[in-house]
$ cat data_22.csv   # CSV, C-alpha atoms and all ligand atoms
chain,number,residue,atom,x,y,z
A,72,MET,CA,16.1,110.1,74.0
A,73,SER,CA,16.4,107.2,76.4
A,74,ARG,CA,19.8,106.2,77.4
A,75,LEU,CA,21.2,102.8,76.3
A,76,ARG,CA,21.6,100.2,79.0
A,77,ILE,CA,25.2,98.9,79.2
A,78,ALA,CA,26.6,96.0,81.3
A,79,THR,CA,30.1,94.8,82.0
A,80,ILE,CA,31.0,91.4,83.3
A,81,TRP,CA,34.2,90.1,84.9
A,82,LEU,CA,34.7,86.3,84.5
A,83,GLY,CA,38.0,84.5,84.3
A,84,GLY,CA,40.4,87.4,83.9
A,85,CYS,CA,42.7,89.7,85.9
A,86,SER,CA,40.4,92.8,85.7
A,87,GLY,CA,43.0,94.5,83.5
A,88,CYS,CA,40.3,94.9,80.8
A,89,HIS,CA,38.1,96.8,83.2
A,90,MET,CA,41.1,98.9,84.3
A,91,SER,CA,41.6,99.8,80.7
A,92,LEU,CA,37.9,100.8,80.5
A,93,LEU,CA,38.4,103.1,83.5
A,94,ASP,CA,41.4,104.7,81.7
A,95,LEU,CA,38.8,106.4,79.5
A,96,ASP,CA,38.7,109.0,82.4
A,97,GLU,CA,36.6,112.0,81.5
A,98,TRP,CA,35.0,110.4,78.4
A,99,LEU,CA,33.2,108.2,81.0
A,100,ILE,CA,31.3,111.3,82.0
A,101,GLU,CA,30.2,111.8,78.3
A,102,LEU,CA,29.3,108.1,78.2
A,103,ALA,CA,27.2,108.4,81.3
A,104,ALA,CA,25.1,111.1,79.5
A,105,ARG,CA,24.3,108.6,76.7
A,106,ALA,CA,24.2,105.3,78.5
A,107,GLU,CA,23.3,103.8,81.9
A,108,LEU,CA,25.6,101.2,83.5
A,109,VAL,CA,23.1,98.7,84.7
A,110,TYR,CA,25.4,95.9,85.8
A,111,SER,CA,29.2,95.8,86.4
A,112,PRO,CA,31.8,94.8,89.0
A,113,ILE,CA,32.2,98.6,89.5
A,114,ALA,CA,28.4,99.0,90.2
A,115,ASP,CA,26.6,97.8,93.2
A,116,THR,CA,24.2,95.3,91.5
A,117,LYS,CA,23.7,91.7,92.4
A,118,HIS,CA,21.6,90.2,89.6
A,119,PHE,CA,22.1,90.6,85.8
A,120,PRO,CA,19.1,92.7,84.7
A,121,PRO,CA,16.8,92.3,81.7
A,122,ASP,CA,16.7,94.5,78.5
A,123,VAL,CA,20.5,95.3,78.3
A,124,ASP,CA,21.6,96.8,75.0
A,125,ILE,CA,25.4,96.1,75.1
A,126,THR,CA,27.3,93.8,77.4
A,127,LEU,CA,31.1,93.6,77.5
A,128,ILE,CA,32.4,90.3,78.9
A,129,GLU,CA,35.9,90.3,80.3
A,130,GLY,CA,37.6,86.9,80.9
A,131,ALA,CA,37.2,83.3,79.8
A,132,ILE,CA,34.7,80.7,81.1
A,133,ALA,CA,36.5,78.8,83.8
A,134,ASN,CA,33.8,77.7,86.3
A,135,ASP,CA,30.1,76.9,86.6
A,136,GLU,CA,29.3,80.5,87.8
A,137,HIS,CA,30.9,82.0,84.7
A,138,LEU,CA,28.9,79.6,82.5
A,139,GLU,CA,25.6,80.6,84.2
A,140,LEU,CA,26.3,84.3,84.1
A,141,ALA,CA,27.4,84.2,80.4
A,142,ARG,CA,24.2,82.4,79.5
A,143,THR,CA,22.0,84.8,81.5
A,144,ALA,CA,23.8,87.8,79.9
A,145,ARG,CA,23.2,86.3,76.4
A,146,ARG,CA,19.5,85.9,77.1
A,147,HIS,CA,19.2,89.5,78.4
A,148,SER,CA,21.5,91.4,76.0
A,149,LYS,CA,21.0,92.6,72.4
A,150,ILE,CA,24.8,92.8,71.8
A,151,ILE,CA,27.6,90.8,73.5
A,152,VAL,CA,31.2,91.9,73.1
A,153,SER,CA,34.0,89.5,73.9
A,154,PHE,CA,36.2,92.0,75.8
A,155,GLY,CA,40.0,91.3,75.7
A,156,ASP,CA,42.1,88.3,74.8
A,157,CYS,CA,41.0,86.0,77.8
A,158,ALA,CA,37.4,86.3,76.5
A,159,VAL,CA,38.4,86.0,72.9
A,160,THR,CA,40.9,83.1,73.1
A,161,GLY,CA,41.2,81.9,76.7
A,162,ASN,CA,44.6,83.6,76.9
A,163,VAL,CA,46.2,83.6,80.4
A,164,THR,CA,43.2,82.0,82.1
A,165,ALA,CA,43.5,79.0,79.8
A,166,LEU,CA,47.1,78.3,80.8
A,167,ARG,CA,45.9,75.7,83.2
A,168,ASN,CA,44.3,73.6,80.4
A,169,PRO,CA,47.5,71.5,79.7
A,170,LEU,CA,47.4,70.3,83.4
A,171,GLY,CA,44.3,68.3,82.5
A,172,PRO,CA,40.8,68.0,84.1
A,173,SER,CA,39.9,70.2,87.1
A,174,GLN,CA,40.7,67.5,89.7
A,175,ASN,CA,44.3,67.3,88.4
A,176,VAL,CA,44.6,71.1,88.5
A,177,LEU,CA,43.4,71.2,92.1
A,178,GLN,CA,45.6,68.3,93.1
A,179,GLN,CA,48.7,69.9,91.7
A,180,VAL,CA,47.9,73.4,93.1
A,181,TYR,CA,46.8,72.4,96.6
A,182,ILE,CA,48.7,69.2,97.3
A,183,GLU,CA,51.7,68.4,95.0
A,184,HIS,CA,53.1,71.9,94.7
A,185,SER,CA,52.2,73.3,98.1
A,186,ASP,CA,51.3,70.9,101.0
A,187,PRO,CA,51.6,67.1,100.5
A,188,GLY,CA,49.4,66.8,103.7
A,189,GLY,CA,46.9,69.4,102.6
A,190,VAL,CA,43.3,69.1,101.4
A,191,ILE,CA,41.5,70.4,98.4
A,192,PRO,CA,38.9,73.0,99.7
A,193,TYR,CA,35.4,72.1,98.7
A,194,GLU,CA,32.3,74.0,99.8
A,195,PRO,CA,29.3,73.1,97.6
A,196,GLY,CA,27.3,76.1,96.7
A,197,ILE,CA,29.9,78.5,98.0
A,198,VAL,CA,33.0,77.9,96.0
A,199,PRO,CA,32.4,77.8,92.2
A,200,VAL,CA,33.1,74.4,90.6
A,201,LEU,CA,36.0,74.6,88.1
A,202,LEU,CA,35.2,73.4,84.6
A,203,ASP,CA,37.6,70.7,83.3
A,204,LYS,CA,38.7,73.1,80.5
A,205,VAL,CA,38.8,76.9,80.3
A,206,VAL,CA,37.1,78.1,77.1
A,207,PRO,CA,36.6,81.4,75.4
A,208,VAL,CA,33.2,83.0,75.6
A,209,HIS,CA,32.1,82.2,72.0
A,210,GLN,CA,32.4,78.5,72.8
A,211,VAL,CA,29.4,78.7,75.2
A,212,ILE,CA,27.3,81.6,73.9
A,213,PRO,CA,27.0,83.5,70.5
A,214,VAL,CA,29.2,86.6,70.5
A,215,ASP,CA,28.5,89.6,68.3
A,216,TYR,CA,31.8,91.5,68.5
A,217,TYR,CA,35.4,90.7,69.5
A,218,LEU,CA,37.7,93.3,71.0
A,219,SER,CA,41.2,91.7,71.1
A,220,GLY,CA,44.1,92.9,73.2
A,221,CYS,CA,45.6,92.2,76.7
A,222,PRO,CA,44.1,94.5,77.6
A,223,PRO,CA,42.4,96.4,74.7
A,224,SER,CA,43.5,100.0,74.8
A,225,ALA,CA,41.2,102.7,76.1
A,226,PRO,CA,40.9,104.4,72.7
A,227,ARG,CA,39.8,101.1,71.1
A,228,ILE,CA,37.2,100.5,73.8
A,229,ARG,CA,35.9,104.0,73.2
A,230,ALA,CA,35.9,103.6,69.5
A,231,LEU,CA,33.9,100.4,69.8
A,232,LEU,CA,31.4,101.8,72.2
A,233,GLU,CA,30.9,104.9,70.1
A,234,SER,CA,30.3,102.8,67.0
A,235,LEU,CA,27.7,100.6,68.8
A,236,ILE,CA,26.0,103.6,70.5
A,237,GLU,CA,25.7,105.4,67.2
A,238,GLY,CA,24.7,102.3,65.3
A,239,ARG,CA,27.8,102.5,63.0
A,240,GLU,CA,29.8,99.5,61.8
A,241,VAL,CA,32.7,98.7,64.1
A,242,ALA,CA,36.0,99.0,62.1
A,243,VAL,CA,38.1,95.9,61.8
A,244,ASP,CA,41.2,97.7,63.2
A,245,VAL,CA,39.2,98.6,66.3
A,246,ARG,CA,38.1,95.0,66.9
A,247,PHE,CA,41.5,93.4,66.3
A,248,GLY,CA,44.0,96.3,66.9
B,1,LIG,FE1,43.8,90.5,82.1
B,1,LIG,FE2,44.8,90.5,79.6
B,1,LIG,FE3,43.0,88.7,80.3
B,1,LIG,FE4,42.3,91.3,80.1
B,1,LIG,S1,43.0,90.0,78.4
B,1,LIG,S2,41.7,89.9,81.7
B,1,LIG,S3,44.2,92.3,80.8
B,1,LIG,S4,45.1,88.9,81.2
$ encode --input "data_22.csv" --output "structure tokens" --more "lines below"
Ligand code: SF4
Amino acid sequence: MSRLRIATIWLGGCSGCHMSLLDLDEWLIELAARAELVYSPIADTKHFPPDVDITLIEGAIANDEHLELARTARRHSKIIVSFGDCAVTGNVTALRNPLGPSQNVLQQVYIEHSDPGGVIPYEPGIVPVLLDKVVPVHQVIPVDYYLSGCPPSAPRIRALLESLIEGREVAVDVRFG
């Protein structure tokens, strides 16, 4: 039996959801026997690959690179999971939204609240361009499953992955705690 191809993506989040995934400890060895990790911040891969079965997306969409990677992941994945509250609602990452469009945010962070004589760093093509508003993943691509929590607990991540790998329905209390 061929192993499923799994990917995980870290967008606008603190990496706490990935830390919770790593809390699965020895179950990750069992998972490795049934699935291959083909793209992840914890794997040495540069480009999102084709033919992915399940992709977990941590974090909200906050800049142009997030947007592009989320769209690529959607094109190349059968199942997309919004992984944690930042991906599901914007959560902590969206706290900057009340400050207004991205130029206002940068002005306040780099000038008004730090150095009145400073400059806003801008390196086209090197530093990702902030979007004017942080949005949850489902506002830019269709999402198949939501796993709420900040972060979702390791047992709920395991339950969701086991259901998806075995082709079973994912229970509501797994998805929303
Ligand atoms: Fe971090 Fe919580 Fe956001 Fe996950 S949901 S990325 S743990 S702030």
$ closest_residue --input "data_22.csv" --among "A:Leu231, A:Val159, A:Leu95, A:Ala114" --to "ligand LIG 1 (chain B)" --atoms "only C-alpha atoms and all ligand atoms"
A:Val159
$ closest_residue --input "data_22.csv" --among "A:Ser91, A:Ser73, A:Thr143, A:Thr79" --to "ligand LIG 1 (chain B)" --atoms "all atoms listed in the file"
A:Ser91
$ residues_near_ligand --input "data_22.csv" --ligand "ligand LIG 1 (chain B)" --cutoff "7 Å" --atoms "all atoms listed in the file" --output "list in words"
Gly84, Cys85, Ser86, Gly87, Cys88, Glu129, Gly130, Gly155, Asp156, Cys157, Ala158, Asn162, Val163, Thr164, Gly220, Cys221 and Pro222 of chain A
$ residues_around --input "data_22.csv" --residues "Ala225 of chain A" --least-positions-apart "6" --cutoff "12 Å" --atoms "all atoms listed in the file" --output "list in words"
Gly87, Cys88, His89, Met90, Ser91, Leu92, Leu93, Asp94, Leu95, Asp96, Glu97, Trp98, Leu99, Phe154, Gly155, Leu218, Leu231, Leu232, Val245 and Gly248 of chain A
$ atom_distance --input "data_22.csv" --atom1 "atom CA of Glu136 of chain A" --atom2 "atom CA of Pro120 of chain A"
16.2 Å
$ decode --input "data_22.csv" --residues "segment 146-182 of chain A" --atoms "N, CA and C atoms" --output "compact mmCIF listing (two decimals), in the first residue's frame"
# COMPACT_ATOMS: atom_id res chain seq x y z
N ARG A 146 -4.13 24.13 -5.04
CA ARG A 146 -4.08 23.48 -6.37
C ARG A 146 -3.49 22.08 -6.28
N HIS A 147 -2.54 21.87 -5.35
CA HIS A 147 -1.79 20.62 -5.32
C HIS A 147 -2.25 19.64 -4.25
N SER A 148 -3.31 19.98 -3.49
CA SER A 148 -3.71 19.13 -2.36
C SER A 148 -5.15 18.65 -2.52
N LYS A 149 -5.38 17.38 -2.15
CA LYS A 149 -6.76 16.88 -2.17
C LYS A 149 -7.54 17.48 -0.98
N ILE A 150 -6.91 17.49 0.19
CA ILE A 150 -7.58 17.96 1.41
C ILE A 150 -6.75 19.07 2.05
N ILE A 151 -7.43 20.18 2.36
CA ILE A 151 -6.77 21.27 3.10
C ILE A 151 -7.42 21.37 4.48
N VAL A 152 -6.57 21.40 5.51
CA VAL A 152 -7.05 21.57 6.89
C VAL A 152 -6.57 22.92 7.40
N SER A 153 -7.50 23.76 7.86
CA SER A 153 -7.16 25.00 8.55
C SER A 153 -6.76 24.61 9.96
N PHE A 154 -5.49 24.79 10.30
CA PHE A 154 -4.86 24.14 11.44
C PHE A 154 -4.59 25.17 12.55
N GLY A 155 -5.54 25.29 13.51
CA GLY A 155 -5.37 26.23 14.62
C GLY A 155 -6.15 27.52 14.39
N ASP A 156 -6.35 28.26 15.49
CA ASP A 156 -7.23 29.43 15.44
C ASP A 156 -6.75 30.54 14.52
N CYS A 157 -5.45 30.72 14.36
CA CYS A 157 -4.99 31.79 13.45
C CYS A 157 -5.44 31.48 12.02
N ALA A 158 -5.35 30.22 11.63
CA ALA A 158 -5.81 29.83 10.29
C ALA A 158 -7.33 29.90 10.20
N VAL A 159 -8.01 29.55 11.30
CA VAL A 159 -9.48 29.46 11.27
C VAL A 159 -10.15 30.84 11.35
N THR A 160 -9.60 31.73 12.19
CA THR A 160 -10.28 33.03 12.40
C THR A 160 -9.37 34.26 12.20
N GLY A 161 -8.08 34.06 12.09
CA GLY A 161 -7.15 35.20 12.08
C GLY A 161 -6.49 35.35 13.45
N ASN A 162 -7.29 35.20 14.51
CA ASN A 162 -6.78 35.11 15.89
C ASN A 162 -5.69 36.15 16.19
N VAL A 163 -4.57 35.73 16.75
CA VAL A 163 -3.50 36.64 17.17
C VAL A 163 -2.93 37.43 15.98
N THR A 164 -2.79 36.76 14.85
CA THR A 164 -2.18 37.42 13.69
C THR A 164 -3.02 38.59 13.21
N ALA A 165 -4.33 38.50 13.39
CA ALA A 165 -5.23 39.55 12.91
C ALA A 165 -5.34 40.72 13.89
N LEU A 166 -4.63 40.68 15.01
CA LEU A 166 -4.73 41.77 15.99
C LEU A 166 -4.27 43.10 15.39
N ARG A 167 -3.49 43.03 14.30
CA ARG A 167 -3.06 44.29 13.70
C ARG A 167 -4.13 44.95 12.83
N ASN A 168 -5.19 44.23 12.52
CA ASN A 168 -6.20 44.78 11.60
C ASN A 168 -6.79 46.12 12.04
N PRO A 169 -7.07 46.32 13.35
CA PRO A 169 -7.65 47.62 13.73
C PRO A 169 -6.71 48.80 13.48
N LEU A 170 -5.41 48.54 13.25
CA LEU A 170 -4.48 49.65 12.98
C LEU A 170 -4.63 50.19 11.56
N GLY A 171 -5.39 49.47 10.74
CA GLY A 171 -5.63 49.97 9.39
C GLY A 171 -4.75 49.32 8.34
N PRO A 172 -4.69 49.93 7.15
CA PRO A 172 -3.93 49.35 6.04
C PRO A 172 -2.44 49.17 6.39
N SER A 173 -1.75 48.38 5.60
CA SER A 173 -0.38 47.98 5.94
C SER A 173 0.55 49.17 6.14
N GLN A 174 0.39 50.24 5.35
CA GLN A 174 1.29 51.40 5.51
C GLN A 174 1.12 52.03 6.89
N ASN A 175 -0.11 52.05 7.40
CA ASN A 175 -0.35 52.58 8.75
C ASN A 175 0.34 51.71 9.79
N VAL A 176 0.24 50.38 9.60
CA VAL A 176 0.85 49.43 10.54
C VAL A 176 2.36 49.65 10.57
N LEU A 177 2.99 49.70 9.38
CA LEU A 177 4.44 49.86 9.31
C LEU A 177 4.87 51.21 9.90
N GLN A 178 4.09 52.24 9.61
CA GLN A 178 4.41 53.58 10.12
C GLN A 178 4.39 53.58 11.66
N GLN A 179 3.39 52.93 12.24
CA GLN A 179 3.29 52.91 13.70
C GLN A 179 4.38 52.07 14.32
N VAL A 180 4.67 50.91 13.70
CA VAL A 180 5.66 49.99 14.29
C VAL A 180 7.08 50.54 14.16
N TYR A 181 7.44 51.01 12.96
CA TYR A 181 8.83 51.39 12.71
C TYR A 181 9.14 52.84 13.03
N ILE A 182 8.14 53.72 13.03
CA ILE A 182 8.41 55.15 13.23
C ILE A 182 7.78 55.64 14.55
